[in-house]
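What follows is a set of notes on a single structure, which appears directly below.
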Amino acid sequence: MAKTIIEKIWEQHIVHEEAGKPDLLYIDLHLLHEVTSPQAFEGLRLNNRKVRRPDLCYATMDHNVPTRNREQIKDLIARKQINTLQENCEEFGIPLANMDHPDQGIVHIIGPELGLTQPGKTIVCGDSHTSTHGAFGAIAFGIGTSEVEHVLSTQTLWQAKPKTMEIKVTGKLGFGVAAKDIILAIISKFGIDMGTGYIVEYTGEAIRNLTMEERMTICNMSIEAGARAGLISPDKTTVNFLKGREHVPTGEAFEKEAARWLALATDEGATYDKTVEISADEIEPFVTWGTNPSMGSGITNQVPFKQDFSEASDQQAHEKALAYMGLEEGMALTDIEIQHVFIGSCTNARLSDLRTAASVVEGNKVHPTVQAIVVPGSQTVKKQAEEEGLDKIFLDAGFEWRESGCSMCLAMNDDVVPAGERCASTSNRNFEGRQGAGSRTHLMSPAMAAAAAIEGHLVDIRTFQLVNA
Amino acid sequence: MEPINKIKSVITPLNQKNVDTDQIISKEFLKRIERTGFGQYLFYHWRFDAEGNPLCDFILNDKRYKQSTILVAHENFGCGSSREHAPWSILDYGFRVVIAPSFADIFYNNCMKNGILPIKLEIGEVETLLQKEVYSVEVNLEDQTLTGTDGVVYSFEIDPYQKKMLLNGWDEISLTIQYEEQISAYEQKVKA
Ligand code: SF4
């Protein structure tokens with residue numbers, strides 16, 4: 001029978017199944033970071049339990065870490081959390097890329113970078129953007145701290161078999177349109193809870209044509225559509241990306257693995273519980289205007305009117321969002337002035353993102369009323385970017401060039417957008433207060449954020465590039 | 001975790017959809033390394049102004065709901081991050097039951113692991129409850145019902161396995177350890 005990749009991976013990982021119970025699934029890779037793990041380790045200690053497979057765990061520090069002056073973390077509670085992870089990893093024998101490690105970075109950036117992320121794996125992390133790893137054809141999803149403890153102790157999880165959904169992106173992307181625009185357009189069209197209860201597979205010509213880095217941007221934001229996991233069947237692009245990476249086998253073993261990976265792809269004729277479709281040709285460069293990722297629109301549009309929504313609860317949400325964002329109905333999106341630009345996060349802080357942003361920035365200056373920072377996703381990305389001279393391009397234009405971490409994506413460290421100020425951000429969430437209490441976030445692609453930094457307001461990257469060509 | 005079966009309380013109506021975990025517990029409070037003490041930070045930026053004074057129009061600051069152990073909200077409650085600090089703060093504040101037409105997957109799971117009962121009701125039923133003022137109900141997990149003081153009965157669905165876990169307050173890890181043999185067998189098979 002024809003099967004989807006989701007069914008294939010699921011079936012391969014069942015340790016125990018029984019009517020009336022969820023399946024007991026084996027977990028191949030457990031990623032950890034400092035914020036959602038301390039209580040799990042504490043739970044192990046209290047119950048005198050061990051970590052079953054420290055060799056299948058990998059930890060890093062990303063959420064709390066400063067992106068400058070790393071020598072001294074002034075925030076005592078943050079420092080305690082960072083030290084706690086270090087001690088826990090030492091105590092339980094878990095590999096760790098700590099703050100001084102050359103592999104340190106955002107957990108969802110370094111997993112693929114190191115080749116830990118591979119097709120066919122089940123991958124979990126106490127972080128909802130674990131869906132990122134699905135880009136390789138893995139079932140990867142975020143878990144809570146109790147589940148982190150469960151996986152540490154048993155290397156398994158009880159999981160009810162989810163429903164499957166296909167999101168098919170047909171056609172070709174237009175000039176100036178990025179992977180970020182595809183996923184923002186999907187979320188805006190179908191809503192932030194469309195994926196609840198599902199694992200999503202992205203298919204279609206437009207998806208096939210994406211690089212691995214772009215696929216990661218798409219899968220990263222699956223959770224913003226409510227889906228715990230979103231994946232893409234592996235193909236040549238996937239295999240080529242993984243070849244030669246640290247944790248990937250070499251030589252003959254690699255060839256064997258690659259063949260196994262490719263065989264995981266969804267079979268011709270396999271069916272999903274639900275299929276939705278969107279045409280890439282229709283997608284414009286996108287920005288969000290509201291306080292959740294579905295409140296977005298093509299850049300040539302206006303801030304929507306209340307009457308555009310039919311349901312009372314949506315009208316109420318729209319009103320609340322505009323009040324928070326300080327925007328008027330009907331104003332052109334390109335008239336929105338910004339004071340901050342953040343190029344970073346697990347959505348868009350890989351080397352190709354920085355290259356794209358740098359190509360927009362090159363030869364220009366950051367607008368005098370704008371403060372702009374670039375936070376590479378990992379130390380590896382930072383190093384590679386510096387080898388290419390991207391840091392110089394950003395610095396010359398007036399951007400700050402920082403150390404890697406989550407930074408202004410969630411503003412747990414010092415990188416905070418002040419209350420009432422507005423940020424063009426390449427991250428994934430524009431919830432109230434996400435980038436600092438009272439901060440206002442507009443999500444967009446790296447090219448769009450870079451152009452906004454130069455102009456001081458949101459701009460259509462297509463016009464920007466024509467003018468500056 | 002503490003077993004849960006019958007809970008009687010006035011309901012706290014929070015008439016908002018897509019309440020995300022960033023609102024439930026803001027990131028500045030995620031740095032603690034304990035599971036406890038998060039209740040004081042629940043909905044912090046909706047409860048307090050920048051100076052830390054209570055905002056009187058927010059429902060949790062309404063004295064009539066101070067003793068409530070049941071929270072009611074609109075669709076897609078708990079969307080966003082996987083932070084278990086969200087259910088920890090809800091529990092620590094005093095809620096044992098959350099009612100909504102739908103929940104985000106990770107949040108729903110996280111509730112189950114902490115002895116919080118998430119109840120899904122029909123959207124119309126939730127809207128009725130959200131309109132009520134100082135309305136008390138009794139939740140009965142065993143019977144899967146919710147009975148208002150006016151005698152109206154709502155019934156809800158819940159996965160039988162999760163129901164058993166909640167009713168007994170079982171620690172899932174202890175249960176899973178009983179499958180040790182199968183786990184080892186799986187590992188042997190994969191290695192081969
Ligand atoms: S970059 Fe942002 S979304 Fe990604 S893991 Fe860090 S905090 Fe979460």
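As shown in the structure tokens, the chain order sets the letters A, B, ...; within each chain, residues go from 1, and ligands are also counted from 1 in the order they appear.
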| Nearby residues, ligand 1, 7 Å, only C-alpha atoms and all ligand atoms, as a VMD selection string | chain A and resid 62 to 63 106 to 108 127 129 345 to 347 405 to 406 409 to 410 427 to 428
Given the selection you just returned, output its residues as a file containing all heavy atoms, formatted as a compact mmCIF listing (two decimals), in the first residue's frame.
```txt
# COMPACT_ATOMS: atom_id res chain seq x y z
N ASP A 62 21.34 28.72 24.08
CA ASP A 62 20.97 29.68 23.04
C ASP A 62 19.99 30.76 23.49
O ASP A 62 20.16 31.93 23.18
CB ASP A 62 20.42 28.94 21.81
CG ASP A 62 19.30 27.95 22.14
OD1 ASP A 62 18.88 27.90 23.32
OD2 ASP A 62 18.86 27.22 21.24
N HIS A 63 18.99 30.39 24.28
CA HIS A 63 17.91 31.33 24.59
C HIS A 63 18.36 32.52 25.42
O HIS A 63 17.92 33.65 25.21
CB HIS A 63 16.77 30.59 25.31
CG HIS A 63 15.91 29.78 24.38
ND1 HIS A 63 16.38 28.70 23.69
CD2 HIS A 63 14.61 29.92 24.02
CE1 HIS A 63 15.41 28.20 22.94
NE2 HIS A 63 14.32 28.93 23.13
N ILE A 106 21.91 28.48 17.87
CA ILE A 106 20.51 28.14 18.13
C ILE A 106 20.34 26.66 17.83
O ILE A 106 20.79 26.15 16.80
CB ILE A 106 19.57 28.98 17.25
CG1 ILE A 106 19.82 30.48 17.45
CG2 ILE A 106 18.11 28.64 17.56
CD1 ILE A 106 19.08 31.36 16.47
N VAL A 107 19.70 25.98 18.75
CA VAL A 107 19.61 24.52 18.70
C VAL A 107 19.10 24.01 17.35
O VAL A 107 19.60 23.02 16.83
CB VAL A 107 18.76 24.03 19.92
CG1 VAL A 107 17.33 24.53 19.86
CG2 VAL A 107 18.82 22.53 20.06
N HIS A 108 18.17 24.73 16.74
CA HIS A 108 17.61 24.24 15.47
C HIS A 108 18.50 24.59 14.27
O HIS A 108 18.24 24.18 13.15
CB HIS A 108 16.20 24.80 15.25
CG HIS A 108 15.34 24.57 16.44
ND1 HIS A 108 15.20 23.34 17.02
CD2 HIS A 108 14.62 25.43 17.21
CE1 HIS A 108 14.42 23.44 18.09
NE2 HIS A 108 14.06 24.71 18.23
N ASP A 127 11.19 22.56 22.78
CA ASP A 127 11.09 23.82 22.04
C ASP A 127 10.18 23.61 20.83
O ASP A 127 10.38 22.67 20.07
CB ASP A 127 12.48 24.25 21.57
CG ASP A 127 12.46 25.68 21.08
OD1 ASP A 127 11.96 25.90 19.97
OD2 ASP A 127 12.91 26.56 21.81
N HIS A 129 9.86 25.04 18.03
CA HIS A 129 10.39 25.16 16.67
C HIS A 129 11.25 23.98 16.24
O HIS A 129 11.94 24.03 15.22
CB HIS A 129 11.10 26.50 16.49
CG HIS A 129 10.14 27.63 16.54
ND1 HIS A 129 9.94 28.38 17.66
CD2 HIS A 129 9.25 28.08 15.62
CE1 HIS A 129 8.97 29.26 17.43
NE2 HIS A 129 8.53 29.10 16.21
N SER A 345 17.41 34.57 14.39
CA SER A 345 16.48 33.51 14.80
C SER A 345 16.63 32.21 14.03
O SER A 345 17.24 32.18 12.95
CB SER A 345 15.01 33.95 14.73
OG SER A 345 14.48 33.68 13.46
N CYS A 346 16.01 31.15 14.57
CA CYS A 346 16.08 29.83 13.93
C CYS A 346 15.31 29.79 12.62
O CYS A 346 15.44 28.85 11.85
CB CYS A 346 15.57 28.76 14.90
SG CYS A 346 13.89 29.03 15.48
N THR A 347 14.53 30.81 12.34
CA THR A 347 13.80 30.87 11.06
C THR A 347 14.71 31.37 9.94
O THR A 347 14.71 30.83 8.84
CB THR A 347 12.59 31.83 11.17
OG1 THR A 347 11.91 31.57 12.38
CG2 THR A 347 11.64 31.66 10.01
N GLY A 405 22.85 33.38 18.95
CA GLY A 405 21.88 33.03 19.99
C GLY A 405 20.49 33.43 19.55
O GLY A 405 20.30 33.93 18.44
N CYS A 406 19.52 33.21 20.42
CA CYS A 406 18.13 33.52 20.08
C CYS A 406 17.87 35.03 20.10
O CYS A 406 17.06 35.55 19.35
CB CYS A 406 17.18 32.85 21.06
SG CYS A 406 17.23 31.06 20.95
N CYS A 409 14.74 37.50 19.17
CA CYS A 409 13.58 36.71 18.78
C CYS A 409 12.62 36.58 19.95
O CYS A 409 11.41 36.61 19.77
CB CYS A 409 14.00 35.33 18.30
SG CYS A 409 12.60 34.23 18.04
N LEU A 410 13.17 36.41 21.15
CA LEU A 410 12.29 36.36 22.32
C LEU A 410 12.76 37.24 23.45
O LEU A 410 12.11 37.32 24.49
CB LEU A 410 12.05 34.91 22.80
CG LEU A 410 12.93 34.30 23.88
CD1 LEU A 410 12.28 33.07 24.43
CD2 LEU A 410 14.30 34.05 23.39
N SER A 427 12.24 36.86 12.55
CA SER A 427 11.91 35.75 13.43
C SER A 427 10.53 35.18 13.10
O SER A 427 10.01 35.41 12.01
CB SER A 427 11.99 36.22 14.88
OG SER A 427 11.21 37.38 15.06
N ASN A 428 9.93 34.47 14.03
CA ASN A 428 8.72 33.71 13.70
C ASN A 428 7.47 34.08 14.50
O ASN A 428 6.39 33.60 14.22
CB ASN A 428 9.01 32.22 13.87
CG ASN A 428 9.78 31.97 15.16
OD1 ASN A 428 9.39 32.47 16.22
ND2 ASN A 428 10.88 31.25 15.08
```
| request: Would you kindly report the residues of chain A within 6 Å of chain B, using only C-alpha atoms, as number ranges by chain? | output: A: 21, 38-39, 77-78, 127-128, 143-145, 150, 412
| task | Identify, on the basis of only C-alpha atoms, every residue whose closest approach to segment 66-70 of chain B does not exceed 10 Å; exclude the query and any residue fewer than 5 positions from it along the same chain; express the result as a PyMOL selection string. | result | chain B and resi 7-13+59-61+90-91+93-99+116-118+134+136-139
Okay, now the selection with N, CA, C and O atoms, as a tab-separated table (two decimals), in the first residue's frame?
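Contents of out_8.tsv, freshly written:
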```tsv
chain	number	residue	atom	x	y	z
B	7	ILE	N	-14.29	18.71	40.53
B	7	ILE	CA	-13.86	20.07	40.85
B	7	ILE	C	-15.10	20.96	40.79
B	7	ILE	O	-15.80	20.99	39.78
B	8	LYS	N	-15.36	21.68	41.88
B	8	LYS	CA	-16.51	22.57	41.90
B	8	LYS	C	-16.00	23.99	42.10
B	8	LYS	O	-15.23	24.25	43.03
B	9	SER	N	-16.42	24.89	41.22
B	9	SER	CA	-15.91	26.25	41.34
B	9	SER	C	-16.69	27.20	40.45
B	9	SER	O	-17.36	26.80	39.50
B	10	VAL	N	-16.56	28.47	40.77
B	10	VAL	CA	-17.04	29.50	39.86
B	10	VAL	C	-16.07	29.51	38.68
B	10	VAL	O	-14.88	29.20	38.84
B	11	ILE	N	-16.57	29.77	37.45
B	11	ILE	CA	-15.68	29.78	36.29
B	11	ILE	C	-15.18	31.19	36.01
B	11	ILE	O	-15.90	32.17	36.20
B	12	THR	N	-13.94	31.29	35.57
B	12	THR	CA	-13.36	32.58	35.18
B	12	THR	C	-13.44	32.71	33.66
B	12	THR	O	-12.74	31.99	32.95
B	13	PRO	N	-14.30	33.60	33.14
B	13	PRO	CA	-14.42	33.69	31.68
B	13	PRO	C	-13.39	34.65	31.07
B	13	PRO	O	-13.41	35.84	31.33
B	59	ILE	N	-9.85	40.24	33.82
B	59	ILE	CA	-10.74	39.33	34.54
B	59	ILE	C	-10.11	38.71	35.79
B	59	ILE	O	-10.78	38.51	36.80
B	60	LEU	N	-8.80	38.41	35.73
B	60	LEU	CA	-8.19	37.78	36.90
B	60	LEU	C	-8.08	38.74	38.09
B	60	LEU	O	-7.86	38.30	39.22
B	61	ASN	N	-8.24	40.03	37.81
B	61	ASN	CA	-8.19	40.99	38.91
B	61	ASN	C	-9.58	41.30	39.47
B	61	ASN	O	-9.72	42.14	40.35
B	90	ILE	N	-0.38	28.26	35.45
B	90	ILE	CA	-1.84	28.12	35.58
B	90	ILE	C	-2.17	27.33	36.84
B	90	ILE	O	-3.02	27.71	37.65
B	91	LEU	N	-1.43	26.24	37.04
B	91	LEU	CA	-1.64	25.37	38.19
B	91	LEU	C	-1.26	26.08	39.49
B	91	LEU	O	-2.01	26.05	40.47
B	93	TYR	N	-1.19	29.16	40.07
B	93	TYR	CA	-2.12	30.24	40.37
B	93	TYR	C	-3.38	29.70	41.04
B	93	TYR	O	-4.04	30.40	41.81
B	94	GLY	N	-3.71	28.43	40.73
B	94	GLY	CA	-4.86	27.82	41.39
B	94	GLY	C	-5.87	27.17	40.47
B	94	GLY	O	-6.85	26.60	40.92
B	95	PHE	N	-5.65	27.25	39.16
B	95	PHE	CA	-6.59	26.59	38.25
B	95	PHE	C	-6.29	25.11	38.12
B	95	PHE	O	-5.13	24.72	38.02
B	96	ARG	N	-7.33	24.28	38.11
B	96	ARG	CA	-7.14	22.85	37.87
B	96	ARG	C	-7.79	22.42	36.55
B	96	ARG	O	-7.54	21.34	36.05
B	97	VAL	N	-8.68	23.27	36.03
B	97	VAL	CA	-9.42	22.92	34.80
B	97	VAL	C	-9.35	24.12	33.85
B	97	VAL	O	-9.48	25.26	34.28
B	98	VAL	N	-9.12	23.84	32.56
B	98	VAL	CA	-9.22	24.89	31.54
B	98	VAL	C	-10.22	24.40	30.50
B	98	VAL	O	-10.11	23.27	30.01
B	99	ILE	N	-11.18	25.24	30.17
B	99	ILE	CA	-12.21	24.88	29.19
B	99	ILE	C	-12.06	25.79	27.97
B	99	ILE	O	-11.91	27.01	28.11
B	116	ILE	N	-3.61	19.03	35.19
B	116	ILE	CA	-4.61	20.04	34.81
B	116	ILE	C	-5.53	19.37	33.80
B	116	ILE	O	-5.05	18.73	32.86
B	117	LEU	N	-6.83	19.51	33.98
B	117	LEU	CA	-7.77	18.90	33.05
B	117	LEU	C	-8.17	19.91	31.97
B	117	LEU	O	-8.84	20.89	32.27
B	118	PRO	N	-7.76	19.69	30.72
B	118	PRO	CA	-8.21	20.57	29.63
B	118	PRO	C	-9.49	19.98	29.03
B	118	PRO	O	-9.50	18.84	28.60
B	134	VAL	N	-20.23	35.16	37.24
B	134	VAL	CA	-20.19	34.42	38.50
B	134	VAL	C	-21.06	33.17	38.43
B	134	VAL	O	-22.02	33.01	39.19
B	136	SER	N	-21.25	29.04	38.60
B	136	SER	CA	-20.50	27.92	39.16
B	136	SER	C	-20.84	26.62	38.45
B	136	SER	O	-21.99	26.41	38.03
B	137	VAL	N	-19.86	25.76	38.34
B	137	VAL	CA	-20.09	24.45	37.73
B	137	VAL	C	-19.39	23.38	38.57
B	137	VAL	O	-18.48	23.67	39.34
B	138	GLU	N	-19.84	22.16	38.37
B	138	GLU	CA	-19.10	21.04	38.94
B	138	GLU	C	-18.60	20.17	37.79
B	138	GLU	O	-19.37	19.71	36.96
B	139	VAL	N	-17.30	19.97	37.76
B	139	VAL	CA	-16.69	19.11	36.75
B	139	VAL	C	-16.58	17.72	37.34
B	139	VAL	O	-16.16	17.55	38.48
```
| Excluding same-chain residues fewer than 3 positions from Thr238 of chain A, what lies within 10 Å of it counting only C-alpha atoms, as an NGL selection string? | :A and (118-119 or 135-137 or 211-212 or 215 or 232-235 or 241-243 or 258 or 261-262)
| field | Every residue of segment 34-142 of chain B that DSSP places in strand (DSSP E or B), as a ChimeraX atom specification | value | /B:48,54,70-73,77,79,97-100,103,117-120,136-140
| Per DSSP on the backbone, what are the helix (DSSP H, G or I) residues of segment 165-339 of chain A, as a PyMOL selection string? | chain A and resi 179-190+205-208+212-225+236-242+251-263+280-282+306-308+312-325+333-335
| request: Find the spatial neighbours of Arg350 of chain A, counting only C-alpha atoms, within a cut-off of 10 Å - ignore same-chain residues fewer than 4 positions away - and output them as an NGL selection string. | output: :A and (109-110 or 113 or 213-214 or 216-217 or 344-346 or 354-355 or 375-378 or 380-382 or 385)
| said: With only C-alpha atoms as the counted atoms, please give the residues lying no more than 8 Å from Ile182 of chain A, apart from itself and same-chain residues fewer than 5 positions off, as number ranges by chain. | reply: A: 177, 218, 280, 283
Saved selection, atoms kept: C-alpha atoms, as a short mmCIF file (atom, residue, chain, number, x, y, z; two decimals), in the first residue's frame:
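To be explicit, this is the file written out as result07.cif:
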```cif
data_model
loop_
_atom_site.label_atom_id
_atom_site.label_comp_id
_atom_site.auth_asym_id
_atom_site.auth_seq_id
_atom_site.Cartn_x
_atom_site.Cartn_y
_atom_site.Cartn_z
CA VAL A 177 9.63 36.29 -3.07
CA ILE A 218 9.18 26.68 5.98
CA ALA A 280 3.33 30.15 -5.40
CA ILE A 283 2.47 34.92 -3.28
#
```
| field | Test item: residues at most 8 Å from segment 441-457 of chain A, only C-alpha atoms, excluding those fewer than 6 positions along its chain, as a PyMOL selection string | value | chain A and resi 178-181+285-291+293+334-343+348+353-354+356-358+360-361+364-372+422-431+434-435+464
Any chance you can output those residues with N, CA and C atoms as a compact mmCIF listing (two decimals), in the first residue's frame?
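Result saved to again.txt:
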```txt
# COMPACT_ATOMS: atom_id res chain seq x y z
N ALA A 178 10.42 35.03 -1.13
CA ALA A 178 11.29 34.10 -0.41
C ALA A 178 10.49 33.00 0.27
N ALA A 179 11.22 32.02 0.79
CA ALA A 179 10.59 30.92 1.52
C ALA A 179 9.74 31.45 2.67
N LYS A 180 10.24 32.49 3.34
CA LYS A 180 9.49 33.08 4.45
C LYS A 180 8.12 33.56 3.99
N ASP A 181 8.07 34.10 2.78
CA ASP A 181 6.80 34.59 2.25
C ASP A 181 5.82 33.44 2.01
N PRO A 285 5.80 39.29 -1.55
CA PRO A 285 6.54 39.50 -0.31
C PRO A 285 5.54 39.87 0.79
N PHE A 286 5.72 39.23 1.94
CA PHE A 286 4.72 39.28 2.99
C PHE A 286 5.22 40.01 4.23
N VAL A 287 4.32 40.66 4.96
CA VAL A 287 4.67 41.20 6.28
C VAL A 287 3.47 40.97 7.21
N THR A 288 3.73 40.90 8.50
CA THR A 288 2.61 40.82 9.43
C THR A 288 2.33 42.22 9.97
N TRP A 289 1.05 42.46 10.27
CA TRP A 289 0.64 43.76 10.82
C TRP A 289 0.07 43.59 12.22
N GLY A 290 -0.20 42.33 12.64
CA GLY A 290 -0.92 42.11 13.90
C GLY A 290 -0.10 41.39 14.95
N THR A 291 -0.81 40.69 15.86
CA THR A 291 -0.13 40.10 17.01
C THR A 291 -0.17 38.58 17.01
N PRO A 293 1.02 35.29 13.92
CA PRO A 293 1.60 35.16 12.58
C PRO A 293 0.59 35.05 11.45
N THR A 334 3.38 49.88 3.54
CA THR A 334 4.68 50.49 3.29
C THR A 334 4.85 51.83 4.01
N ASP A 335 3.78 52.33 4.63
CA ASP A 335 3.90 53.57 5.42
C ASP A 335 4.27 53.31 6.87
N ILE A 336 4.39 52.04 7.24
CA ILE A 336 4.70 51.73 8.64
C ILE A 336 6.19 51.98 8.90
N GLU A 337 6.44 52.92 9.81
CA GLU A 337 7.84 53.26 10.14
C GLU A 337 8.35 52.35 11.24
N ILE A 338 9.61 51.97 11.11
CA ILE A 338 10.19 51.06 12.11
C ILE A 338 11.41 51.71 12.75
N GLN A 339 11.70 51.29 13.99
CA GLN A 339 12.86 51.83 14.70
C GLN A 339 13.95 50.78 14.92
N HIS A 340 13.57 49.51 14.73
CA HIS A 340 14.53 48.43 14.95
C HIS A 340 14.45 47.41 13.83
N VAL A 341 15.59 46.79 13.56
CA VAL A 341 15.60 45.67 12.62
C VAL A 341 16.40 44.54 13.27
N PHE A 342 15.79 43.36 13.22
CA PHE A 342 16.46 42.18 13.77
C PHE A 342 16.57 41.12 12.68
N ILE A 343 17.81 40.84 12.30
CA ILE A 343 18.05 39.75 11.36
C ILE A 343 18.66 38.62 12.16
N ASN A 348 15.48 32.39 10.23
CA ASN A 348 16.23 33.08 9.17
C ASN A 348 17.58 33.62 9.62
N ASP A 353 20.63 33.28 4.46
CA ASP A 353 19.82 34.43 4.88
C ASP A 353 20.69 35.67 5.01
N LEU A 354 21.87 35.47 5.61
CA LEU A 354 22.76 36.61 5.81
C LEU A 354 23.31 37.11 4.48
N THR A 356 21.73 36.97 1.59
CA THR A 356 20.64 37.72 0.94
C THR A 356 20.51 39.11 1.55
N ALA A 357 20.50 39.16 2.88
CA ALA A 357 20.36 40.46 3.54
C ALA A 357 21.54 41.36 3.19
N ALA A 358 22.76 40.79 3.17
CA ALA A 358 23.95 41.59 2.88
C ALA A 358 23.89 42.15 1.46
N VAL A 360 21.35 43.12 -0.10
CA VAL A 360 20.43 44.26 -0.09
C VAL A 360 21.11 45.48 0.55
N VAL A 361 21.87 45.18 1.60
CA VAL A 361 22.48 46.24 2.40
C VAL A 361 23.69 46.88 1.72
N ASN A 364 24.70 50.62 0.98
CA ASN A 364 23.69 51.50 1.56
C ASN A 364 23.99 51.78 3.03
N LYS A 365 23.24 52.70 3.60
CA LYS A 365 23.40 53.00 5.03
C LYS A 365 22.08 52.76 5.76
N VAL A 366 22.20 52.25 6.96
CA VAL A 366 21.02 52.09 7.81
C VAL A 366 20.42 53.47 8.06
N HIS A 367 19.10 53.57 7.95
CA HIS A 367 18.39 54.83 8.16
C HIS A 367 18.73 55.39 9.54
N PRO A 368 18.94 56.73 9.64
CA PRO A 368 19.40 57.30 10.92
C PRO A 368 18.49 57.04 12.11
N THR A 369 17.20 56.78 11.89
CA THR A 369 16.32 56.56 13.04
C THR A 369 16.19 55.08 13.39
N VAL A 370 16.99 54.25 12.73
CA VAL A 370 16.85 52.80 12.92
C VAL A 370 18.09 52.21 13.59
N GLN A 371 17.81 51.29 14.54
CA GLN A 371 18.87 50.51 15.15
C GLN A 371 18.76 49.11 14.60
N ALA A 372 19.83 48.61 13.97
CA ALA A 372 19.71 47.31 13.30
C ALA A 372 20.78 46.34 13.77
N ARG A 422 8.90 49.75 17.20
CA ARG A 422 8.52 48.80 16.17
C ARG A 422 9.75 48.14 15.58
N CYS A 423 9.64 46.84 15.33
CA CYS A 423 10.79 46.10 14.82
C CYS A 423 10.42 45.30 13.57
N ALA A 424 11.22 45.45 12.53
CA ALA A 424 11.11 44.57 11.36
C ALA A 424 11.99 43.38 11.67
N SER A 425 11.39 42.20 11.76
CA SER A 425 12.11 41.06 12.31
C SER A 425 12.00 39.83 11.42
N THR A 426 13.10 39.09 11.31
CA THR A 426 13.07 37.88 10.49
C THR A 426 12.70 36.65 11.32
N SER A 427 12.24 36.86 12.55
CA SER A 427 11.91 35.75 13.43
C SER A 427 10.53 35.18 13.10
N ASN A 428 9.93 34.47 14.03
CA ASN A 428 8.72 33.71 13.70
C ASN A 428 7.47 34.08 14.50
N ARG A 429 7.62 34.86 15.54
CA ARG A 429 6.46 35.17 16.37
C ARG A 429 6.34 36.67 16.61
N ASN A 430 5.10 37.15 16.45
CA ASN A 430 4.83 38.57 16.66
C ASN A 430 3.81 38.76 17.77
N PHE A 431 3.81 37.80 18.72
CA PHE A 431 2.88 37.90 19.84
C PHE A 431 3.14 39.18 20.63
N ARG A 434 6.52 39.92 22.61
CA ARG A 434 7.50 38.90 22.27
C ARG A 434 8.93 39.44 22.30
N GLN A 435 9.13 40.63 21.73
CA GLN A 435 10.50 41.16 21.65
C GLN A 435 10.78 42.16 22.77
N PHE A 464 12.35 48.22 -4.16
CA PHE A 464 13.65 48.60 -3.62
C PHE A 464 14.77 48.14 -4.54
```
| task | Would you please work out which residue, of A:Leu322, A:Gly438, A:Gly174, A:Thr164, is nearest to Asp49 of chain B when using only C-alpha atoms? | result |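 Between A:Leu322, A:Gly438, A:Gly174, A:Thr164, the residue approaching Asp49 of chain B most closely is A:Gly438.
Atom CA of Glu328 of chain A is found 7.1 Å from atom CA of Val303 of chain A.
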| In Å, how far is it from atom CA of Met165 of chain B to atom CA of Glu42 of chain A? |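 That distance, rounded to one decimal, is 22.0 Å.
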